[in-house]
Each structure stands twice: as structure tokens, then as C-alpha cells.
file data.cif (mmCIF, C-alpha atoms)
data_data
loop_
_atom_site.label_atom_id
_atom_site.label_comp_id
_atom_site.auth_asym_id
_atom_site.auth_seq_id
_atom_site.Cartn_x
_atom_site.Cartn_y
_atom_site.Cartn_z
CA MET A 216 0.00 0.00 0.00
CA ILE A 217 1.31 3.45 -0.93
CA THR A 218 1.14 5.99 1.86
CA ASN A 219 0.41 9.68 1.36
CA THR A 220 4.16 10.29 1.46
CA LEU A 221 4.58 8.18 -1.66
CA LYS A 222 1.56 9.33 -3.69
CA ASN A 223 3.68 11.84 -5.60
CA SER A 224 3.53 10.47 -9.16
CA SER A 225 6.83 12.18 -10.05
CA ILE A 226 8.79 9.65 -7.97
CA ARG A 227 7.24 6.69 -9.73
CA THR A 228 8.13 5.15 -13.08
CA GLY A 229 5.62 2.46 -13.91
CA ARG A 230 5.51 0.24 -10.84
CA SER A 231 8.93 1.33 -9.62
CA PHE A 232 10.04 4.15 -7.35
CA ASP A 233 12.64 6.53 -8.75
CA LEU A 234 15.28 6.91 -6.04
CA GLY A 235 16.68 9.93 -7.85
CA LYS A 236 13.49 11.82 -6.95
CA MET A 237 12.89 10.46 -3.44
CA ASN A 238 13.94 11.86 -0.08
CA LEU A 239 15.13 9.87 2.94
CA ARG A 240 11.69 9.69 4.57
CA GLN A 241 10.15 8.35 1.37
CA LEU A 242 12.92 5.78 1.12
CA TRP A 243 12.34 4.53 4.65
CA ILE A 244 8.64 4.03 3.94
CA ALA A 245 9.26 2.35 0.60
CA TYR A 246 12.02 0.14 2.04
CA LEU A 247 10.09 -0.99 5.12
CA THR A 248 6.99 -1.85 3.10
CA TYR A 249 8.72 -3.43 0.11
CA PRO A 250 7.66 -7.10 -0.34
CA THR A 251 11.22 -8.38 -0.91
CA ILE A 252 12.50 -6.74 2.26
CA LEU A 253 9.50 -7.97 4.26
CA LEU A 254 10.22 -11.49 2.99
CA TYR A 255 13.85 -11.21 4.12
CA PHE A 256 12.69 -10.00 7.55
CA ALA A 257 10.27 -12.91 7.90
CA LEU A 258 12.83 -15.51 6.84
CA ALA A 259 15.47 -14.01 9.16
CA ILE A 260 13.07 -14.18 12.13
CA ALA A 261 12.19 -17.77 11.25
CA SER A 262 15.90 -18.64 10.97
CA TYR A 263 16.70 -17.16 14.36
CA ALA A 264 13.72 -19.02 15.85
CA LEU A 265 15.14 -22.28 14.47
CA MET A 266 18.52 -21.31 15.88
CA VAL A 267 16.97 -20.97 19.34
CA TYR A 268 15.05 -24.24 18.94
CA ASN A 269 18.23 -26.15 18.01
CA PHE A 270 20.51 -24.22 20.35
CA THR A 271 23.05 -26.23 22.35
CA SER A 272 26.04 -23.92 22.78
CA LEU A 273 26.81 -20.23 22.25
CA ALA A 274 30.28 -20.58 20.72
CA PRO A 275 29.35 -22.43 17.48
CA VAL A 276 26.42 -20.10 16.85
CA ALA A 277 28.54 -16.99 17.43
CA ILE A 278 31.36 -18.33 15.25
CA SER A 279 28.87 -19.16 12.49
CA ILE A 280 27.52 -15.60 12.49
CA VAL A 281 30.98 -14.01 12.61
CA SER A 282 32.16 -16.27 9.78
CA VAL A 283 29.27 -15.15 7.58
CA ILE A 284 30.00 -11.50 8.38
CA LEU A 285 33.63 -12.00 7.32
CA VAL A 286 32.91 -14.07 4.21
CA TYR A 287 29.99 -12.07 2.88
CA PRO A 288 31.91 -9.10 1.42
CA LEU A 289 34.27 -11.45 -0.43
CA VAL A 290 31.42 -13.53 -1.81
CA TRP A 291 29.51 -10.43 -2.88
CA TYR A 292 32.64 -9.08 -4.57
CA ALA A 293 33.17 -12.31 -6.51
CA ILE A 294 29.52 -12.54 -7.60
CA HIS A 295 29.36 -8.87 -8.55
CA ARG A 296 32.62 -8.77 -10.46
CA PHE A 297 32.75 -12.13 -12.18
CA ILE A 298 29.08 -13.09 -12.63
CA LEU A 299 26.99 -9.92 -12.69
CA HIS A 300 29.62 -8.06 -14.72
CA GLY A 301 30.64 -11.08 -16.75
CA ARG A 302 29.56 -11.27 -20.37
CA PHE A 303 28.83 -14.99 -20.57
CA LEU A 304 25.25 -14.93 -19.22
CA TYR A 305 23.80 -12.72 -21.97
CA ARG A 306 25.52 -14.81 -24.63
CA MET A 307 23.38 -17.84 -23.80
CA LYS A 308 19.68 -17.76 -24.56
CA TRP A 309 18.66 -19.64 -21.40
CA SER A 310 20.47 -17.23 -19.06
CA ALA A 311 20.05 -13.92 -20.93
CA THR A 312 16.80 -13.01 -19.19
CA LEU A 313 18.35 -13.85 -15.82
CA TRP A 314 21.32 -11.52 -16.47
CA LYS A 315 18.97 -8.78 -17.63
CA ARG A 316 17.01 -8.96 -14.38
CA ILE A 317 19.86 -9.39 -11.92
CA HIS A 318 22.12 -6.59 -13.16
CA PHE A 319 21.73 -5.18 -16.66
CA ASP A 320 18.48 -3.38 -15.85
CA HIS A 321 20.07 -1.86 -12.75
CA HIS A 322 22.92 -0.33 -14.76
CA GLN A 323 20.59 0.80 -17.53
CA ASP A 324 18.67 2.87 -14.98
CA PRO A 325 20.40 2.86 -11.58
CA HIS A 326 17.65 4.82 -9.78
CA LEU A 327 14.76 2.37 -10.17
CA LEU A 328 14.00 0.59 -6.91
CA ASP A 329 12.33 -2.45 -8.47
CA VAL A 330 15.51 -3.52 -10.24
CA LEU A 331 17.86 -2.41 -7.47
CA PHE A 332 16.55 -5.21 -5.25
CA GLY A 333 17.36 -8.65 -6.55
CA SER A 334 14.57 -11.11 -7.21
CA PRO A 335 14.05 -13.37 -4.16
CA LEU A 336 13.98 -16.34 -6.54
CA ASN A 337 17.65 -15.58 -7.22
CA THR A 338 18.87 -14.03 -3.99
CA ILE A 339 17.45 -16.40 -1.37
CA PRO A 340 18.92 -19.60 -2.89
CA THR A 341 22.27 -17.79 -3.27
CA ILE A 342 22.24 -16.66 0.36
CA ALA A 343 21.36 -20.20 1.44
CA ILE A 344 24.10 -21.80 -0.64
CA VAL A 345 26.72 -19.41 0.75
CA THR A 346 25.71 -19.39 4.42
CA ILE A 347 24.08 -22.68 5.41
CA PRO A 348 27.09 -24.94 4.68
CA ILE A 349 29.34 -22.62 6.70
CA GLY A 350 26.99 -22.60 9.67
CA TYR A 351 26.28 -26.34 9.53
CA ALA A 352 29.98 -27.20 9.40
CA ILE A 353 30.60 -25.07 12.49
CA GLY A 354 27.49 -25.57 14.59
CA GLY A 355 25.12 -28.10 13.06
CA ALA A 356 21.46 -27.16 12.68
CA ALA A 357 21.70 -24.21 15.07
CA GLY A 358 24.77 -22.88 13.28
CA ALA A 359 23.13 -23.30 9.87
CA SER A 360 20.04 -21.39 11.03
CA ALA A 361 22.16 -18.66 12.59
CA ALA A 362 24.30 -18.33 9.47
CA PHE A 363 21.30 -18.12 7.14
CA GLY A 364 19.65 -15.55 9.41
CA ALA A 365 22.88 -13.55 9.46
CA GLY A 366 23.07 -13.67 5.68
CA LEU A 367 19.53 -12.36 5.35
CA THR A 368 20.20 -9.62 7.90
CA ILE A 369 23.35 -8.51 6.12
CA THR A 370 21.47 -8.51 2.83
CA CYS A 371 18.84 -6.18 4.29
CA ILE A 372 21.61 -3.85 5.50
CA TYR A 373 23.33 -3.99 2.11
CA GLU A 374 20.09 -3.24 0.30
CA PHE A 375 19.32 -0.22 2.48
CA PHE A 376 22.75 1.31 1.97
CA HIS A 377 22.52 0.45 -1.72
CA CYS A 378 19.32 2.52 -1.84
CA ILE A 379 21.09 5.38 -0.04
CA GLN A 380 23.79 5.28 -2.69
CA HIS A 381 21.20 5.92 -5.41
CA LEU A 382 19.00 8.27 -3.41
CA ASN A 383 18.69 12.00 -4.08
CA TYR A 384 20.19 12.66 -0.66
CA LYS A 385 23.55 13.67 0.79
CA PRO A 386 24.30 11.64 3.92
CA ARG A 387 25.39 13.55 6.98
CA MET A 388 27.99 11.01 8.08
CA SER A 389 31.28 11.27 6.22
CA TRP A 390 31.80 7.48 6.00
CA ILE A 391 28.44 7.04 4.30
CA GLN A 392 29.27 9.91 1.94
CA ARG A 393 32.51 8.15 0.95
CA MET A 394 30.69 4.85 0.49
CA LYS A 395 28.13 6.54 -1.71
CA GLN A 396 30.74 8.38 -3.78
CA ARG A 397 32.59 5.14 -4.55
CA HIS A 398 29.42 3.37 -5.65
CA VAL A 399 28.25 6.31 -7.76
CA LEU A 400 31.59 6.17 -9.59
CA HIS A 401 30.91 2.48 -10.31
CA HIS A 402 27.57 3.38 -11.92
CA PHE A 403 28.35 6.68 -13.63
CA HIS A 404 32.09 6.65 -14.40
CA ASN A 405 33.65 3.18 -14.69
CA GLU A 406 31.91 -0.07 -13.83
CA ASN A 407 35.19 -2.03 -13.74
CA GLY A 408 35.91 -1.15 -10.13
CA ASN A 409 34.36 -0.35 -6.74
CA TYR A 410 32.33 -3.56 -6.71
CA GLY A 411 31.65 -3.37 -2.97
CA ILE A 412 28.48 -1.99 -1.39
CA THR A 413 29.27 -1.26 2.25
CA SER A 414 32.85 -2.53 2.21
CA PHE A 415 35.59 -1.98 -0.35
CA VAL A 416 38.20 -4.16 1.35
CA ALA A 417 38.03 -6.75 -1.44
CA ASP A 418 38.38 -3.99 -4.04
CA ARG A 419 41.55 -2.85 -2.31
CA LEU A 420 42.87 -6.42 -2.11
CA PHE A 421 42.23 -7.14 -5.78
CA ARG A 422 43.15 -3.67 -7.06
CA SER A 423 39.76 -2.65 -8.38
CA TYR A 424 39.35 0.26 -5.98
CA TYR A 425 39.45 3.90 -7.06
CA THR A 426 38.50 7.04 -5.18
CA ASP A 427 37.72 9.61 -7.87
CA ALA A 428 37.24 10.02 -11.62
CA ARG A 429 40.88 10.98 -12.07
CA GLY A 430 42.00 7.62 -10.76
CA CYS A 431 40.31 5.61 -13.50
CA PRO A 432 39.47 6.35 -17.16
CA ARG A 433 35.83 6.85 -18.06
CA SER A 434 34.22 3.67 -19.39
CA PRO A 435 32.05 3.75 -22.52
CA THR A 436 30.19 0.69 -21.24
CA VAL A 437 29.33 1.96 -17.75
CA PHE A 438 25.57 1.87 -18.49
CA ASN A 439 25.34 -1.14 -20.79
CA LEU A 440 28.04 -3.42 -19.28
CA GLY A 441 29.37 -4.16 -22.76
CA TYR A 442 25.99 -5.19 -24.13
CA ASP A 443 25.88 -2.51 -26.79
CA VAL A 444 24.00 -2.48 -30.09
CA LYS A 445 26.71 -4.51 -31.81
CA GLU A 446 26.56 -7.21 -29.13
CA ALA A 447 22.76 -7.12 -29.16
CA LYS A 448 22.71 -7.96 -32.86
CA GLN A 449 24.81 -11.05 -32.20
CA TYR A 450 23.12 -12.01 -28.92
CA PRO A 451 19.60 -10.57 -29.25
CA TRP A 452 17.81 -12.21 -26.30
CA VAL A 453 18.23 -9.39 -23.76
CA MET A 454 17.20 -6.82 -26.36
CA GLU A 455 14.16 -8.89 -27.30
CA GLU A 456 13.15 -9.10 -23.66
CA THR A 457 13.68 -5.36 -23.18
CA GLY A 458 11.79 -4.46 -26.35
CA SER A 459 14.37 -1.85 -27.40
CA PRO A 460 18.10 -1.61 -28.14
CA PRO A 461 20.46 -1.20 -25.16
CA ARG A 462 21.03 2.41 -24.12
CA ASP A 463 24.40 4.08 -23.68
CA ARG A 464 22.96 6.04 -20.73
CA PRO A 465 19.72 6.13 -18.73
CA ASP A 466 16.96 8.51 -19.76
CA GLY A 467 17.79 11.91 -18.30
CA ALA A 468 21.04 10.61 -16.83
CA ASN A 469 23.35 13.11 -15.23
CA THR A 470 26.84 11.74 -14.74
CA THR A 471 27.33 13.90 -11.64
CA ARG A 472 23.94 13.07 -10.15
CA ASN A 473 24.14 11.85 -6.55
CA ALA A 474 27.92 12.22 -6.63
CA ALA A 475 27.87 14.39 -3.53
#

call {"tool": "encode", "arguments": {"input": "data.cif", "output": "C-alpha cells"}}
result
Amino acid sequence: MITNTLKNSSIRTGRSFDLGKMNLRQLWIAYLTYPTILLYFALAIASYALMVYNFTSLAPVAISIVSVILVYPLVWYAIHRFILHGRFLYRMKWSATLWKRIHFDHHQDPHLLDVLFGSPLNTIPTIAIVTIPIGYAIGGAAGASAAFGAGLTITCIYEFFHCIQHLNYKPRMSWIQRMKQRHVLHHFHNENGNYGITSFVADRLFRSYYTDARGCPRSPTVFNLGYDVKEAKQYPWVMEETGSPPRDRPDGANTTRNAA
């Protein structure tokens, strides 16, 4: 249900909210009522309930949660850099639509909330595959439940800060400003770097981190991820699903937008 705060038609594009036109209050309302986020909340609560039900010792549960916290940024980095930004998914008909949904649409128009959040059909199995084996190996059923709950909780945190990074809003805290600036560079200057969301430790480790536009040349594929018109002619499935050729920039894009 859309509250009075969100009835402004200018912040909506089709079914999706335009983060570039929303303020922080509107984001909080949209975020806390968004079905995907509510599903994450519900699954996290259920996971922690299972953790309590299967609880035998604090140490394995705590270690499971800490392990997920440490592993998560590295896993996200690997998925973001090598899968979401890889070019193999759109070159196969069976996976082209998947790639379009999980990342291409987000780079084509970085301010649309509907495509900023991943589809639960894709994200929840991924979270489970990453976290449950870690937790189970450390703490059995209780550890697996704790790890999955931690993964869902971290995902909710990631998604909120991801929204902030695309929101028409300048954060007051300097560390959030820096986080936002790095991510905006990824979307509006060069996509081949700054793959992190809340942490750029992996970017520093693997030398894909840059702090300003002068530190990295501007990429001609920052909005289409290499799926340009030439590629679309050879691998047409994403274009067919979109209904139009890939764009070199979003409609009304401003390369300095949200850079503050």
C-alpha cells in the first residue's frame, strides 16, 4: 500500500520508485513496506527461531555468524565482479533473461527501486548456498540457522545502503558519503571497479578500488556493461526481452547526479 508520502507520481516510473526523486523519509517508507524486504525480515526471524530451537552452545552459533560476516563481502565481490559483470550470461539464450534482471536493468537505470533489489527467486537460494554450509559445518542445525539468518540480515543492510547510494540525498555522516561516492563512480564513471556496497576491502585487495574520476578512465560501457547495439545484434535475447536496443545512458542521466 502506498502511503500519502509516496503518492507523488513524479517519484514513480511504472511500478517502480525513482530513487533519484525520493527523499530519505520516502525511502524509509518504501524500504520498510517493500515485499522483498519484508520477505527477508520474515525468513530471518524464522531462521533465528530455528537457531533458538536447536541451540546447544553459544560458541558455534557466534562463530557461524561471525564467519558469515567476514565471508559475505568477499562472496559479494566475486559474484558482482565475475558473474553480474561477466559477459557470458547474456551470450546464452537460457540465461540472458536472468542476467537482464539481476544486473543489466540496474545499470541501464540505476535509480529504479524495483531492479535495485534482486529477485528473491535468485537471492534467497544464493544466500542459502553461501551461508548454510558454513553454519552447519561449524554448529550443526543451530549454526546453519544462525548463518542463514545472518546472511539475510546482512542482505537487508546492504540493500538499504545500496538505496542510499542511489537516493537523491547527501548523507550527513562522512563514512556514508565516501561509500556513496565510490558506488556512484561504479555506476556513472567506470563499472570495472568499486564492486563493494558497504565494504571496499576486497576492491583494495584485488586492485579494483578507485576514489575519484581521475584515478580511472571513463568507461564507454558503464551503463550497458558491454551489451551494446553490436553485441545485441549477435546475442539478441536481452534486447528482445527489453523491447528496445540497449542504451548508452539512462533517460535523463546526469553523470554527476548523486555524486555528492

call {"tool": "closest_atom_pairs", "arguments": {"input": "data.cif", "of": "region 327-405 of chain A", "to": "region 280-294 of chain A", "cutoff": "7 Å", "atoms": "all atoms listed in the file", "output": "tab-separated table"}}
result
residue	atom	partner	partner_atom	distance
A:Thr346	CA	A:Val283	CA	6.4
A:Ala361	CA	A:Ile280	CA	6.2
A:Ala362	CA	A:Ile280	CA	5.2
A:Ala365	CA	A:Ile280	CA	5.9
A:Gly366	CA	A:Val283	CA	6.7

call {"tool": "atom_distance", "arguments": {"input": "data.cif", "atom1": "CA of Ala311 (chain A)", "atom2": "CA of Ala417 (chain A)"}}
result
27.5 Å

call {"tool": "residues_around", "arguments": {"input": "data.cif", "residues": "region 261-267 of chain A", "least_positions_apart": "3", "cutoff": "6 Å", "atoms": "all atoms listed in the file", "output": "number ranges by chain"}}
result
A: 258, 270, 357, 360-361, 364

call {"tool": "write_last_selection", "arguments": {"input": "data.cif", "atoms": "C-alpha atoms", "output": "mmCIF file, in the coordinates of the input"}}
result
data_model
loop_
_atom_site.group_PDB
_atom_site.id
_atom_site.type_symbol
_atom_site.label_atom_id
_atom_site.label_comp_id
_atom_site.auth_asym_id
_atom_site.auth_seq_id
_atom_site.Cartn_x
_atom_site.Cartn_y
_atom_site.Cartn_z
ATOM 1 C CA LEU A 258 12.830 -15.510 6.840
ATOM 2 C CA PHE A 270 20.510 -24.220 20.350
ATOM 3 C CA ALA A 357 21.700 -24.210 15.070
ATOM 4 C CA SER A 360 20.040 -21.390 11.030
ATOM 5 C CA ALA A 361 22.160 -18.660 12.590
ATOM 6 C CA GLY A 364 19.650 -15.550 9.410
#

call {"tool": "closest_residue", "arguments": {"input": "data.cif", "among": "A:Ile298, A:Met388, A:Asp320, A:Ile252", "to": "Ile372 (chain A)", "atoms": "all atoms listed in the file"}}
result
A:Ile252

call {"tool": "resolve_selection", "arguments": {"input": "data.cif", "expression": "the PyMOL selection byres ((chain A and resi 446-452) around 9)", "output": "PyMOL selection string"}}
result
chain A and resi 305-309+311-312+441-445+453-457+460-461

call {"tool": "resolve_selection", "arguments": {"input": "data.cif", "expression": "the PyMOL selection byres ((chain A and resi 330) around 10)", "output": "PyMOL selection string"}}
result
chain A and resi 231-232+315-329+331-334

call {"tool": "resolve_selection", "arguments": {"input": "data.cif", "expression": "the PyMOL selection byres ((chain A and resi 398) around 8)", "output": "number ranges by chain"}}
result
A: 380, 394-397, 399-402, 409-412

call {"tool": "build_atoms", "arguments": {"input": "data.cif", "residues": "region 304-325 of chain A", "atoms": "N, CA and C atoms", "output": "PDB file, keeping the file's coordinate frame"}}
result
ATOM      1  N   LEU A 304      26.669 -14.625 -19.434  1.00  0.00           N
ATOM      2  CA  LEU A 304      25.250 -14.930 -19.220  1.00  0.00           C
ATOM      3  C   LEU A 304      24.373 -14.427 -20.366  1.00  0.00           C
ATOM      4  N   TYR A 305      24.660 -13.223 -20.895  1.00  0.00           N
ATOM      5  CA  TYR A 305      23.800 -12.720 -21.970  1.00  0.00           C
ATOM      6  C   TYR A 305      24.100 -13.386 -23.307  1.00  0.00           C
ATOM      7  N   ARG A 306      25.178 -14.142 -23.378  1.00  0.00           N
ATOM      8  CA  ARG A 306      25.520 -14.810 -24.630  1.00  0.00           C
ATOM      9  C   ARG A 306      24.900 -16.189 -24.761  1.00  0.00           C
ATOM     10  N   MET A 307      24.124 -16.582 -23.753  1.00  0.00           N
ATOM     11  CA  MET A 307      23.380 -17.840 -23.800  1.00  0.00           C
ATOM     12  C   MET A 307      21.895 -17.534 -23.656  1.00  0.00           C
ATOM     13  N   LYS A 308      21.098 -18.098 -24.536  1.00  0.00           N
ATOM     14  CA  LYS A 308      19.680 -17.760 -24.560  1.00  0.00           C
ATOM     15  C   LYS A 308      18.995 -18.077 -23.231  1.00  0.00           C
ATOM     16  N   TRP A 309      19.352 -19.194 -22.617  1.00  0.00           N
ATOM     17  CA  TRP A 309      18.660 -19.640 -21.400  1.00  0.00           C
ATOM     18  C   TRP A 309      18.964 -18.773 -20.190  1.00  0.00           C
ATOM     19  N   SER A 310      20.098 -18.046 -20.223  1.00  0.00           N
ATOM     20  CA  SER A 310      20.470 -17.230 -19.060  1.00  0.00           C
ATOM     21  C   SER A 310      20.411 -15.729 -19.345  1.00  0.00           C
ATOM     22  N   ALA A 311      20.061 -15.349 -20.571  1.00  0.00           N
ATOM     23  CA  ALA A 311      20.050 -13.920 -20.930  1.00  0.00           C
ATOM     24  C   ALA A 311      19.029 -13.142 -20.109  1.00  0.00           C
ATOM     25  N   THR A 312      17.835 -13.698 -19.962  1.00  0.00           N
ATOM     26  CA  THR A 312      16.800 -13.010 -19.190  1.00  0.00           C
ATOM     27  C   THR A 312      17.207 -12.881 -17.725  1.00  0.00           C
ATOM     28  N   LEU A 313      17.856 -13.898 -17.190  1.00  0.00           N
ATOM     29  CA  LEU A 313      18.350 -13.850 -15.820  1.00  0.00           C
ATOM     30  C   LEU A 313      19.335 -12.702 -15.648  1.00  0.00           C
ATOM     31  N   TRP A 314      20.312 -12.587 -16.554  1.00  0.00           N
ATOM     32  CA  TRP A 314      21.320 -11.520 -16.470  1.00  0.00           C
ATOM     33  C   TRP A 314      20.665 -10.146 -16.587  1.00  0.00           C
ATOM     34  N   LYS A 315      19.692 -10.041 -17.471  1.00  0.00           N
ATOM     35  CA  LYS A 315      18.970  -8.780 -17.630  1.00  0.00           C
ATOM     36  C   LYS A 315      18.362  -8.350 -16.305  1.00  0.00           C
ATOM     37  N   ARG A 316      17.715  -9.288 -15.629  1.00  0.00           N
ATOM     38  CA  ARG A 316      17.010  -8.960 -14.380  1.00  0.00           C
ATOM     39  C   ARG A 316      17.981  -8.698 -13.239  1.00  0.00           C
ATOM     40  N   ILE A 317      19.036  -9.490 -13.113  1.00  0.00           N
ATOM     41  CA  ILE A 317      19.860  -9.390 -11.920  1.00  0.00           C
ATOM     42  C   ILE A 317      20.855  -8.237 -11.969  1.00  0.00           C
ATOM     43  N   HIS A 318      21.175  -7.711 -13.195  1.00  0.00           N
ATOM     44  CA  HIS A 318      22.120  -6.590 -13.160  1.00  0.00           C
ATOM     45  C   HIS A 318      22.039  -5.610 -14.323  1.00  0.00           C
ATOM     46  N   PHE A 319      21.756  -6.093 -15.512  1.00  0.00           N
ATOM     47  CA  PHE A 319      21.730  -5.180 -16.660  1.00  0.00           C
ATOM     48  C   PHE A 319      20.719  -4.062 -16.465  1.00  0.00           C
ATOM     49  N   ASP A 320      19.516  -4.394 -16.043  1.00  0.00           N
ATOM     50  CA  ASP A 320      18.480  -3.380 -15.850  1.00  0.00           C
ATOM     51  C   ASP A 320      18.908  -2.336 -14.822  1.00  0.00           C
ATOM     52  N   HIS A 321      19.621  -2.785 -13.805  1.00  0.00           N
ATOM     53  CA  HIS A 321      20.070  -1.860 -12.750  1.00  0.00           C
ATOM     54  C   HIS A 321      21.068  -0.854 -13.302  1.00  0.00           C
ATOM     55  N   HIS A 322      21.953  -1.278 -14.183  1.00  0.00           N
ATOM     56  CA  HIS A 322      22.920  -0.330 -14.760  1.00  0.00           C
ATOM     57  C   HIS A 322      22.285   0.520 -15.859  1.00  0.00           C
ATOM     58  N   GLN A 323      21.277  -0.012 -16.528  1.00  0.00           N
ATOM     59  CA  GLN A 323      20.590   0.800 -17.530  1.00  0.00           C
ATOM     60  C   GLN A 323      19.871   1.978 -16.895  1.00  0.00           C
ATOM     61  N   ASP A 324      19.297   1.769 -15.722  1.00  0.00           N
ATOM     62  CA  ASP A 324      18.670   2.870 -14.980  1.00  0.00           C
ATOM     63  C   ASP A 324      18.899   2.640 -13.493  1.00  0.00           C
ATOM     64  N   PRO A 325      19.992   3.180 -12.950  1.00  0.00           N
ATOM     65  CA  PRO A 325      20.400   2.860 -11.580  1.00  0.00           C
ATOM     66  C   PRO A 325      19.470   3.374 -10.488  1.00  0.00           C
TER      67      PRO A 325
END
